[in-house]
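Engineer: File follows, final03.txt with compact mmCIF, C-alpha atoms:
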```
# COMPACT_ATOMS: atom_id res chain seq x y z
CA MET W 1 -24.08 -49.31 58.05
CA LYS W 2 -26.21 -50.99 60.75
CA THR W 3 -28.80 -52.02 58.17
CA SER W 4 -26.25 -53.61 55.87
CA TRP W 5 -24.77 -55.66 58.68
CA LEU W 6 -28.16 -57.13 59.53
CA LEU W 7 -27.48 -59.21 56.42
CA PHE W 8 -24.14 -60.60 57.58
CA PHE W 9 -23.36 -64.26 57.34
CA SER W 10 -21.19 -66.13 59.83
CA CYS W 11 -19.44 -69.17 58.46
CA PHE W 12 -16.42 -71.37 58.87
CA LEU W 13 -13.57 -71.41 56.37
CA PHE W 14 -10.80 -73.95 56.28
CA PHE W 15 -7.15 -73.00 55.91
CA ARG W 16 -4.55 -75.76 55.67
CA GLY W 17 -7.07 -78.28 56.84
CA GLN W 18 -7.95 -76.45 60.06
CA ALA W 19 -11.08 -74.47 60.89
CA ALA W 20 -10.46 -70.73 60.99
CA ASP W 21 -12.27 -68.25 63.18
CA LYS W 22 -15.77 -67.26 62.14
CA ILE W 23 -15.96 -64.32 59.80
CA TYR W 24 -18.54 -61.65 59.04
CA TYR W 25 -19.36 -60.84 55.41
CA THR W 26 -22.29 -60.41 53.04
CA ASP W 27 -23.15 -61.88 49.65
CA GLU W 28 -22.26 -58.51 48.15
CA ASP W 29 -18.73 -58.78 49.49
CA ARG W 30 -18.34 -62.07 47.63
CA VAL W 31 -19.64 -60.40 44.46
CA VAL W 32 -17.08 -57.60 44.79
CA PHE W 33 -14.30 -60.11 45.42
CA ASP W 34 -15.24 -62.20 42.38
CA ARG W 35 -15.37 -59.08 40.22
CA TYR W 36 -11.93 -58.05 41.44
CA VAL W 37 -10.41 -61.43 40.59
CA SER W 38 -12.07 -61.42 37.17
CA GLU W 39 -10.76 -57.94 36.36
CA MET W 40 -7.30 -58.31 37.87
CA LYS W 41 -6.20 -61.86 37.09
CA ALA W 42 -4.54 -60.75 33.84
CA ASN W 43 -2.39 -58.35 35.90
CA LYS W 44 -1.16 -60.82 38.52
CA SER W 45 2.41 -60.81 37.16
CA LEU W 46 2.81 -57.05 37.45
CA PRO W 47 5.29 -55.67 40.01
CA THR W 48 3.75 -55.51 43.47
CA GLY W 49 3.71 -51.70 43.57
CA GLU W 50 1.90 -51.42 40.25
CA LEU W 51 -0.59 -54.08 41.30
CA MET W 52 -1.21 -52.23 44.58
CA VAL W 53 -2.12 -49.07 42.68
CA LYS W 54 -4.43 -50.92 40.28
CA THR W 55 -6.10 -52.62 43.23
CA ALA W 56 -6.56 -49.32 45.06
CA ARG W 57 -8.03 -47.76 41.90
CA PHE W 58 -10.48 -50.66 41.70
CA PHE W 59 -12.17 -49.19 44.79
CA LEU W 60 -12.46 -45.59 43.58
CA GLY W 61 -15.88 -44.26 44.54
CA THR W 62 -16.40 -46.85 47.31
CA PRO W 63 -18.20 -45.12 50.22
CA TYR W 64 -16.22 -44.02 53.26
CA VAL W 65 -17.70 -45.62 56.40
CA ALA W 66 -15.95 -45.67 59.77
CA ALA W 67 -15.99 -48.39 62.44
CA THR W 68 -16.95 -51.27 60.15
CA LEU W 69 -14.81 -53.66 62.23
CA GLU W 70 -16.67 -53.11 65.48
CA MET W 71 -18.59 -56.37 65.53
CA GLU W 72 -19.04 -58.58 68.59
CA PRO W 73 -17.75 -61.09 69.29
CA GLU W 74 -14.37 -60.20 67.77
CA ARG W 75 -14.06 -61.99 64.44
CA LEU W 76 -12.61 -61.27 61.03
CA VAL W 77 -14.77 -58.68 59.24
CA VAL W 78 -14.72 -58.71 55.43
CA ASN W 79 -16.29 -55.55 54.03
CA LEU W 80 -15.48 -54.68 50.42
CA ARG W 81 -18.52 -52.40 50.07
CA GLU W 82 -17.54 -49.57 52.42
CA MET W 83 -14.22 -48.65 54.02
CA ASP W 84 -12.26 -46.27 56.16
CA CYS W 85 -8.63 -45.39 55.40
CA MET W 86 -7.12 -48.39 57.21
CA THR W 87 -9.54 -51.01 55.97
CA LEU W 88 -8.95 -49.75 52.41
CA VAL W 89 -5.21 -50.28 52.83
CA GLU W 90 -5.69 -53.69 54.44
CA ASN W 91 -8.07 -54.82 51.70
CA VAL W 92 -5.71 -53.59 48.98
CA VAL W 93 -2.71 -55.40 50.48
CA ALA W 94 -4.66 -58.61 51.12
CA LEU W 95 -6.21 -58.62 47.63
CA THR W 96 -2.85 -57.92 45.99
CA ARG W 97 -1.28 -60.84 47.82
CA THR W 98 -4.28 -62.99 46.93
CA ILE W 99 -4.15 -62.27 43.20
CA GLN W 100 -0.40 -63.00 43.24
CA SER W 101 -1.01 -66.40 44.83
CA GLU W 102 -1.47 -69.74 43.11
CA ASN W 103 -4.99 -69.99 44.52
CA PRO W 104 -6.74 -66.58 44.37
CA SER W 105 -9.83 -67.74 46.24
CA PHE W 106 -12.03 -65.97 48.77
CA GLU W 107 -10.61 -68.27 51.42
CA THR W 108 -7.07 -67.18 50.51
CA PHE W 109 -8.13 -63.54 50.72
CA CYS W 110 -9.64 -64.05 54.19
CA LYS W 111 -6.47 -65.75 55.36
CA ASN W 112 -4.34 -62.87 54.05
CA LEU W 113 -6.62 -60.26 55.63
CA GLN W 114 -6.58 -61.98 59.01
CA ALA W 115 -2.79 -62.27 58.90
CA LEU W 116 -2.55 -58.51 58.29
CA ARG W 117 -5.07 -57.34 60.85
CA TYR W 118 -4.24 -59.50 63.84
CA ARG W 119 -1.13 -60.13 65.90
CA ASN W 120 0.26 -63.53 64.87
CA GLY W 121 -2.77 -63.84 62.60
CA GLU W 122 -4.82 -65.17 65.50
CA ILE W 123 -8.12 -63.92 66.92
CA HIS W 124 -8.86 -64.49 70.59
CA ASP W 125 -10.20 -61.12 71.66
CA TYR W 126 -10.24 -57.39 70.87
CA THR W 127 -6.62 -56.89 71.95
CA ASP W 128 -5.34 -59.20 69.20
CA ARG W 129 -6.31 -56.64 66.56
CA LEU W 130 -3.46 -54.31 65.54
CA HIS W 131 -5.10 -51.06 66.56
CA TYR W 132 -2.06 -48.77 66.38
CA THR W 133 -0.58 -48.32 62.91
CA THR W 134 3.02 -48.39 64.16
CA ASP W 135 2.26 -51.76 65.74
CA TRP W 136 0.60 -52.89 62.49
CA ILE W 137 3.79 -51.95 60.61
CA PHE W 138 6.06 -53.71 63.12
CA GLU W 139 4.08 -56.94 63.20
CA ASN W 140 3.57 -57.14 59.44
CA GLN W 141 7.23 -56.42 58.77
CA ARG W 142 8.07 -59.26 61.13
CA LYS W 143 5.79 -61.51 59.04
CA GLY W 144 7.49 -60.41 55.80
CA ILE W 145 4.32 -58.80 54.44
CA VAL W 146 5.62 -55.22 54.41
CA GLU W 147 8.92 -53.37 54.83
CA ASP W 148 9.26 -50.04 56.63
CA VAL W 149 11.46 -48.07 54.20
CA THR W 150 11.06 -44.69 55.92
CA SER W 151 14.64 -44.47 57.16
CA ALA W 152 16.10 -45.42 53.76
CA ALA W 153 13.80 -42.88 52.09
CA GLY W 154 15.24 -40.00 54.09
CA GLY W 155 13.54 -40.39 57.45
CA VAL W 156 14.74 -39.10 60.79
CA SER W 157 14.11 -40.45 64.29
CA LEU W 158 10.50 -40.32 65.48
CA PRO W 159 9.60 -40.62 69.17
CA VAL W 160 6.32 -42.49 69.59
CA ASN W 161 4.28 -42.40 72.78
CA VAL W 162 0.93 -44.10 72.22
CA SER W 163 -1.52 -44.19 75.11
CA PHE W 164 -4.86 -43.06 73.72
CA MET W 165 -6.70 -46.36 73.98
CA SER W 166 -5.72 -47.15 77.56
CA THR W 167 -6.38 -43.57 78.70
CA HIS W 168 -9.74 -43.33 76.88
CA PRO W 169 -11.30 -46.76 77.45
CA ASP W 170 -14.81 -45.32 77.41
CA SER W 171 -14.32 -44.53 73.71
CA TYR W 172 -14.02 -48.26 72.92
CA LYS W 173 -16.94 -50.48 73.89
CA PRO W 174 -14.87 -53.67 74.45
CA LEU W 175 -12.49 -51.75 76.75
CA LYS W 176 -15.28 -49.96 78.58
CA GLU W 177 -16.97 -53.28 79.34
CA ASN W 178 -13.79 -55.28 80.05
CA PRO W 179 -11.16 -53.51 82.20
CA GLU W 180 -8.80 -56.48 81.85
CA LEU W 181 -8.59 -55.78 78.11
CA THR W 182 -7.61 -52.19 78.85
CA ALA W 183 -4.75 -53.47 81.01
CA ARG W 184 -3.54 -55.66 78.13
CA ILE W 185 -3.69 -52.72 75.74
CA ALA W 186 -1.61 -50.64 78.18
CA VAL W 187 1.08 -53.33 78.27
CA LYS W 188 1.16 -53.44 74.48
CA GLU W 189 1.39 -49.64 74.31
CA LYS W 190 4.59 -49.75 76.38
CA GLU W 191 6.06 -52.30 73.98
CA ILE W 192 5.15 -50.14 71.00
CA ASN W 193 6.72 -47.05 72.57
CA ALA W 194 10.02 -48.85 73.21
CA ARG W 195 10.67 -49.50 69.50
CA PRO W 196 12.64 -47.19 67.17
CA TYR W 197 10.73 -45.30 64.45
CA TYR W 198 11.49 -42.88 61.65
CA TYR W 199 9.50 -40.32 59.69
CA ILE W 200 9.98 -37.96 56.78
CA LEU W 201 9.34 -34.37 57.85
CA GLU W 202 6.43 -32.71 56.08
CA THR W 203 8.76 -30.13 54.51
CA GLU W 204 11.13 -32.83 53.21
CA ILE W 205 8.69 -35.05 51.29
CA ASN W 206 9.36 -33.65 47.81
CA ARG W 207 13.12 -33.69 48.41
CA ASN W 208 12.92 -37.40 49.22
CA ALA W 209 10.34 -38.31 46.55
CA THR W 210 12.72 -40.63 44.67
CA GLY W 211 12.67 -42.98 47.65
CA ILE W 212 8.87 -43.18 47.62
CA LYS W 213 7.45 -45.67 45.13
CA ASP W 214 4.02 -46.18 43.59
CA GLY W 215 2.12 -48.71 45.67
CA ASP W 216 3.86 -47.79 48.93
CA ILE W 217 1.63 -47.26 51.96
CA VAL W 218 1.85 -43.70 53.24
CA CYS W 219 1.13 -43.19 56.95
CA PHE W 220 0.47 -39.68 58.25
CA VAL W 221 2.20 -38.96 61.55
CA THR W 222 0.04 -37.00 63.96
CA THR W 223 0.83 -34.69 66.87
CA ILE W 224 -2.39 -35.66 68.67
CA LYS W 225 -1.41 -36.74 72.18
CA GLY W 226 -1.39 -40.51 72.65
CA LEU W 227 -1.70 -41.36 68.94
CA ASP W 228 0.87 -42.25 66.28
CA ILE W 229 -0.78 -42.21 62.85
CA SER W 230 -3.97 -40.36 61.90
CA HIS W 231 -4.49 -41.47 58.29
CA VAL W 232 -3.13 -43.88 55.65
CA GLY W 233 -3.29 -44.29 51.87
CA VAL W 234 -1.62 -45.86 48.83
CA VAL W 235 1.01 -43.79 47.02
CA CYS W 236 0.51 -43.14 43.32
CA ARG W 237 1.75 -40.68 40.70
CA VAL W 238 -0.50 -38.76 38.35
CA GLY W 239 1.85 -37.48 35.68
CA ASP W 240 4.71 -35.91 37.63
CA LYS W 241 2.58 -35.34 40.73
CA LEU W 242 3.28 -37.50 43.77
CA THR W 243 -0.04 -38.12 45.50
CA PHE W 244 -2.06 -40.97 47.00
CA ILE W 245 -5.31 -42.94 46.92
CA HIS W 246 -7.30 -42.99 50.15
CA ALA W 247 -10.70 -43.28 51.76
CA SER W 248 -11.39 -39.58 52.26
CA THR W 249 -13.30 -38.38 55.31
CA THR W 250 -14.19 -35.13 53.54
CA GLN W 251 -15.22 -36.60 50.17
CA LYS W 252 -16.84 -39.61 51.92
CA LYS W 253 -15.46 -42.05 49.35
CA VAL W 254 -12.24 -43.53 47.97
CA ILE W 255 -10.45 -40.99 45.78
CA VAL W 256 -7.17 -40.10 44.15
CA ASN W 257 -6.16 -37.06 46.17
CA GLU W 258 -6.06 -33.91 44.05
CA ALA W 259 -3.36 -32.15 46.06
CA PRO W 260 0.25 -33.39 45.91
CA LEU W 261 1.38 -35.41 48.92
CA GLN W 262 3.55 -32.75 50.55
CA GLU W 263 0.92 -30.07 50.05
CA TYR W 264 -1.72 -32.30 51.63
CA VAL W 265 0.45 -33.08 54.67
CA GLU W 266 1.32 -29.43 55.21
CA SER W 267 -2.37 -28.47 55.01
CA ILE W 268 -3.34 -30.71 57.96
CA LYS W 269 -2.57 -28.82 61.17
CA ARG W 270 -1.85 -31.90 63.28
CA ASN W 271 0.30 -33.71 60.68
CA SER W 272 4.07 -33.51 61.13
CA GLY W 273 5.29 -35.91 58.44
CA ILE W 274 4.90 -39.38 56.99
CA MET W 275 6.07 -42.97 57.30
CA ILE W 276 6.50 -45.09 54.16
CA VAL W 277 5.82 -48.83 54.14
CA ARG W 278 6.42 -51.05 51.12
CA PRO W 279 4.28 -54.19 50.55
CA GLN W 280 6.30 -57.28 49.67
CA MET W 281 5.47 -59.80 46.98
CA SER W 282 3.44 -62.82 47.99
CA TYR W 283 5.30 -66.09 47.38
```
Now that the file is in, can you turn its structure into structure tokens?

Structural biologist:
Amino acid sequence: MKTSWLLFFSCFLFFRGQAADKIYYTDEDRVVFDRYVSEMKANKSLPTGELMVKTARFFLGTPYVAATLEMEPERLVVNLREMDCMTLVENVVALTRTIQSENPSFETFCKNLQALRYRNGEIHDYTDRLHYTTDWIFENQRKGIVEDVTSAAGGVSLPVNVSFMSTHPDSYKPLKENPELTARIAVKEKEINARPYYYILETEINRNATGIKDGDIVCFVTTIKGLDISHVGVVCRVGDKLTFIHASTTQKKVIVNEAPLQEYVESIKRNSGIMIVRPQMSY
């Protein structure tokens, strides 16, 4: 991962006539993007859920690599060559919205990705990134990019009490080196905890399967103290089996999970259930 990023390019893009923040990407990322557009442009009129699944399948076999966003200074990172679970989901949503747009360009993709990843779509420092998944859901629902359908799909109330980042600043280089950023994160954590949330219990997933659609984003609720979500993926069905596509930490690549969704959740000791988020069509 370090070797590949020695090749990064930093450039300026222009959105709506204004200079955007610098971004990090490689020539290979542009090649992957162009290949995606070439292969997917004939599918742009498909329903959003179906297009999400096709986009996620496009990345099958892509290597799992963690911490690809940890570049300094804080800028938009485009990495279509290697992903963790969250960057896979972000790339899939941003690419789906891009291919649905009138101008499916690399610049449009970068704009969509930045809008997803950062609060208000703006990058000033590390705290602007949506680090907690529940915050990511809240902010992107507010922007009209996704809809949290967990409650409608059979969810029950979920108490959230995030605190991990502010209580473990030494685990995050920008926080360790900048105590004022830790204080900002702590304020944001309090805001996150004050919001209402819902989840589908791990034992109730199959019973509520009709409310879970292909292309939905599945978020795995964790019991780890101070955290909210431990993993994410894109829902898909293989025959009658409800499962998901994800960047697997065990397989070290993007896969269609072999086990059904409920079976997978029940097999993870610190999982208690799921949240379901539905991407909205790009207009």

Engineer: Would you be able to write out as a PyMOL selection string which residues have an atom within 12 Å of (-15.3, -44.0, 48.6) in the file's coordinates, counting all atoms listed in the file?

Structural biologist: chain W and resi 56-66+80-85+87-88+245-257

Engineer: Would you save the residues from that selection as a PDB file, in the frame of the given file, using C-alpha atoms?

Structural biologist:
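What ended up in again03.pdb:
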```
ATOM      1  CA  ALA W  56      -6.560 -49.320  45.060  1.00  0.00           C
ATOM      2  CA  ARG W  57      -8.030 -47.760  41.900  1.00  0.00           C
ATOM      3  CA  PHE W  58     -10.480 -50.660  41.700  1.00  0.00           C
ATOM      4  CA  PHE W  59     -12.170 -49.190  44.790  1.00  0.00           C
ATOM      5  CA  LEU W  60     -12.460 -45.590  43.580  1.00  0.00           C
ATOM      6  CA  GLY W  61     -15.880 -44.260  44.540  1.00  0.00           C
ATOM      7  CA  THR W  62     -16.400 -46.850  47.310  1.00  0.00           C
ATOM      8  CA  PRO W  63     -18.200 -45.120  50.220  1.00  0.00           C
ATOM      9  CA  TYR W  64     -16.220 -44.020  53.260  1.00  0.00           C
ATOM     10  CA  VAL W  65     -17.700 -45.620  56.400  1.00  0.00           C
ATOM     11  CA  ALA W  66     -15.950 -45.670  59.770  1.00  0.00           C
ATOM     12  CA  LEU W  80     -15.480 -54.680  50.420  1.00  0.00           C
ATOM     13  CA  ARG W  81     -18.520 -52.400  50.070  1.00  0.00           C
ATOM     14  CA  GLU W  82     -17.540 -49.570  52.420  1.00  0.00           C
ATOM     15  CA  MET W  83     -14.220 -48.650  54.020  1.00  0.00           C
ATOM     16  CA  ASP W  84     -12.260 -46.270  56.160  1.00  0.00           C
ATOM     17  CA  CYS W  85      -8.630 -45.390  55.400  1.00  0.00           C
ATOM     18  CA  THR W  87      -9.540 -51.010  55.970  1.00  0.00           C
ATOM     19  CA  LEU W  88      -8.950 -49.750  52.410  1.00  0.00           C
ATOM     20  CA  ILE W 245      -5.310 -42.940  46.920  1.00  0.00           C
ATOM     21  CA  HIS W 246      -7.300 -42.990  50.150  1.00  0.00           C
ATOM     22  CA  ALA W 247     -10.700 -43.280  51.760  1.00  0.00           C
ATOM     23  CA  SER W 248     -11.390 -39.580  52.260  1.00  0.00           C
ATOM     24  CA  THR W 249     -13.300 -38.380  55.310  1.00  0.00           C
ATOM     25  CA  THR W 250     -14.190 -35.130  53.540  1.00  0.00           C
ATOM     26  CA  GLN W 251     -15.220 -36.600  50.170  1.00  0.00           C
ATOM     27  CA  LYS W 252     -16.840 -39.610  51.920  1.00  0.00           C
ATOM     28  CA  LYS W 253     -15.460 -42.050  49.350  1.00  0.00           C
ATOM     29  CA  VAL W 254     -12.240 -43.530  47.970  1.00  0.00           C
ATOM     30  CA  ILE W 255     -10.450 -40.990  45.780  1.00  0.00           C
ATOM     31  CA  VAL W 256      -7.170 -40.100  44.150  1.00  0.00           C
ATOM     32  CA  ASN W 257      -6.160 -37.060  46.170  1.00  0.00           C
TER      33      ASN W 257
END
```

Engineer: Could you tell me which of W:Thr150, W:Gln280, W:Asn140, W:Asn271 comes closest to Tyr198 in chain W if we count all atoms listed in the file?

Structural biologist: W:Thr150

Engineer: Fewer than 2 positions away in the same chain doesn't count, so skip those; otherwise give me all residues within 12 Å of Thr108 in chain W, counting all atoms listed in the file, as a list in words.

Structural biologist: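 The contact residues come out as Leu13, Phe14, Phe15, Arg16, Ala20, Phe33, Val37, Ala94, Leu95, Thr96, Arg97, Thr98, Ile99, Gln100, Ser101, Glu102, Asn103, Pro104, Ser105, Phe106, Cys110, Lys111, Asn112, Leu113, Gln114, Ala115 and Ser282 of chain W.
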
Engineer: Padding 6 Å on every side, please: axis-aligned box over the listed atoms of range 64-77 of chain W, centre and edge lengths to one decimal in Å, as lines of an AutoDock Vina configuration file.

Structural biologist:
```
center_x = -15.8
center_y = -53.0
center_z = 61.3
size_x = 18.4
size_y = 30.0
size_z = 28.0
```

Engineer: Every residue with an atom at most 10 Å from (-10.0, -46.9, 74.6) (file coordinates; all atoms listed in the file) is what I'm after, so could you write them as a short mmCIF file (atom, residue, chain, number, x, y, z; two decimals) with C-alpha atoms, in the coordinates of the input?

Structural biologist:
```cif
data_model
loop_
_atom_site.label_atom_id
_atom_site.label_comp_id
_atom_site.auth_asym_id
_atom_site.auth_seq_id
_atom_site.Cartn_x
_atom_site.Cartn_y
_atom_site.Cartn_z
CA SER W 163 -1.52 -44.19 75.11
CA PHE W 164 -4.86 -43.06 73.72
CA MET W 165 -6.70 -46.36 73.98
CA SER W 166 -5.72 -47.15 77.56
CA THR W 167 -6.38 -43.57 78.70
CA HIS W 168 -9.74 -43.33 76.88
CA PRO W 169 -11.30 -46.76 77.45
CA ASP W 170 -14.81 -45.32 77.41
CA SER W 171 -14.32 -44.53 73.71
CA TYR W 172 -14.02 -48.26 72.92
CA LYS W 173 -16.94 -50.48 73.89
CA PRO W 174 -14.87 -53.67 74.45
CA LEU W 175 -12.49 -51.75 76.75
CA LYS W 176 -15.28 -49.96 78.58
CA LEU W 181 -8.59 -55.78 78.11
CA THR W 182 -7.61 -52.19 78.85
CA ILE W 185 -3.69 -52.72 75.74
CA ALA W 186 -1.61 -50.64 78.18
#
```

Engineer: What gap, in Å, lies between CA of Glu139 in chain W and CA of Glu72 in chain W?

Structural biologist: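 Interatomic distance, CA of Glu139 in chain W to CA of Glu72 in chain W: 23.8 Å.
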
Engineer: If we count all atoms listed in the file and set the cut-off at 10 Å, which residues sit around Asp128 in chain W, ignoring sequence neighbours fewer than 6 positions away in its own chain? Please answer as a ChimeraX atom specification.

Structural biologist: /W:74,117-122,184-185

Engineer: Could you jot down the CA of Gly215 in chain W to CA of Val234 in chain W separation for me, Å, one decimal place?

Structural biologist: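 CA of Val234 in chain W lies at a distance of 5.7 Å from CA of Gly215 in chain W.
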
Engineer: Skip Leu261 in chain W itself and residues of its chain fewer than 2 positions away, then list as number ranges by chain all residues within 6 Å of it, counting all atoms listed in the file.

Structural biologist: W: 242-243, 263-264

Engineer: Compare W:Arg142, W:Lys22, W:Lys190, W:Arg195 by their minimum atom-to-atom distance to Pro73 in chain W, counting only C-alpha atoms, and give me the closest one.

Structural biologist: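 So, comparing all the options, the nearest one is W:Lys22.
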
Engineer: In Å, how far is it from CA of Leu227 in chain W to CA of Arg270 in chain W?

Structural biologist: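 Answer for the CA of Leu227 in chain W to CA of Arg270 in chain W separation: 11.0 Å.
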
Engineer: Measuring between only C-alpha atoms, which one of W:Glu70, W:Glu90, W:Asp29, W:Glu107 shows the shortest distance to Val232 in chain W?

Structural biologist: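 Looking only at the distances to Val232 in chain W, the closest residue turns out to be W:Glu90.
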
Engineer: Pick out the residues sitting within 12 Å of Glu50 in chain W, and hand them over as a list in words; count only C-alpha atoms, and ignore anything fewer than 2 positions along from it in its own chain.

Structural biologist: Met40, Asn43, Lys44, Ser45, Leu46, Pro47, Thr48, Met52, Val53, Lys54, Thr55, Ala56, Arg57, Val92, Val93, Thr96, Lys213, Asp214, Gly215, Asp216, Val234, Val235, Cys236, Arg237, Arg278, Pro279, Gln280 and Met281 of chain W

Engineer: Using only C-alpha atoms, pick whichever of W:Leu76, W:Met86, W:Ile212, W:Cys219 has the shortest atom-to-atom distance to His131 in chain W.

Structural biologist: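 Ranked by minimum distance to His131 in chain W, first place goes to W:Met86.
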
Engineer: Under the rule that all atoms listed in the file are counted, which of W:Ile229, W:Lys41, W:Phe244, W:Glu147 is the nearest residue to Thr133 in chain W?

Structural biologist: W:Ile229

Engineer: My structure is short of atoms at range 128-142 of chain W; please model N, CA, C and O atoms there, returning them as a compact mmCIF listing (two decimals), in the frame of the given file.

Structural biologist:
```txt
# COMPACT_ATOMS: atom_id res chain seq x y z
N ASP W 128 -6.16 -58.56 70.24
CA ASP W 128 -5.34 -59.20 69.20
C ASP W 128 -5.31 -58.38 67.92
O ASP W 128 -4.41 -58.54 67.09
N ARG W 129 -6.29 -57.49 67.74
CA ARG W 129 -6.31 -56.64 66.56
C ARG W 129 -5.20 -55.59 66.67
O ARG W 129 -4.95 -55.07 67.76
N LEU W 130 -4.56 -55.28 65.55
CA LEU W 130 -3.46 -54.31 65.54
C LEU W 130 -4.04 -52.90 65.42
O LEU W 130 -4.14 -52.36 64.33
N HIS W 131 -4.39 -52.33 66.54
CA HIS W 131 -5.10 -51.06 66.56
C HIS W 131 -4.22 -49.87 66.20
O HIS W 131 -4.68 -48.94 65.53
N TYR W 132 -2.97 -49.88 66.67
CA TYR W 132 -2.06 -48.77 66.38
C TYR W 132 -1.29 -49.07 65.10
O TYR W 132 -0.75 -50.16 64.93
N THR W 133 -1.21 -48.09 64.21
CA THR W 133 -0.58 -48.32 62.91
C THR W 133 0.89 -48.66 63.04
O THR W 133 1.41 -49.50 62.28
N THR W 134 1.61 -48.04 63.98
CA THR W 134 3.02 -48.39 64.16
C THR W 134 3.18 -49.85 64.57
O THR W 134 4.13 -50.53 64.17
N ASP W 135 2.24 -50.35 65.36
CA ASP W 135 2.26 -51.76 65.74
C ASP W 135 1.92 -52.64 64.54
O ASP W 135 2.52 -53.71 64.34
N TRP W 136 0.97 -52.19 63.74
CA TRP W 136 0.60 -52.89 62.49
C TRP W 136 1.82 -53.01 61.58
O TRP W 136 2.09 -54.08 61.01
N ILE W 137 2.58 -51.94 61.44
CA ILE W 137 3.79 -51.95 60.61
C ILE W 137 4.81 -52.93 61.17
O ILE W 137 5.37 -53.77 60.45
N PHE W 138 5.06 -52.84 62.48
CA PHE W 138 6.06 -53.71 63.12
C PHE W 138 5.71 -55.18 62.94
O PHE W 138 6.56 -55.99 62.54
N GLU W 139 4.47 -55.53 63.26
CA GLU W 139 4.08 -56.94 63.20
C GLU W 139 4.07 -57.47 61.77
O GLU W 139 4.48 -58.60 61.51
N ASN W 140 3.63 -56.66 60.83
CA ASN W 140 3.57 -57.14 59.44
C ASN W 140 4.94 -57.13 58.77
O ASN W 140 5.17 -57.90 57.83
N GLN W 141 5.85 -56.31 59.25
CA GLN W 141 7.23 -56.42 58.77
C GLN W 141 7.85 -57.70 59.30
O GLN W 141 8.57 -58.40 58.57
N ARG W 142 7.56 -58.02 60.53
CA ARG W 142 8.07 -59.26 61.13
C ARG W 142 7.57 -60.49 60.36
O ARG W 142 8.28 -61.49 60.24
```
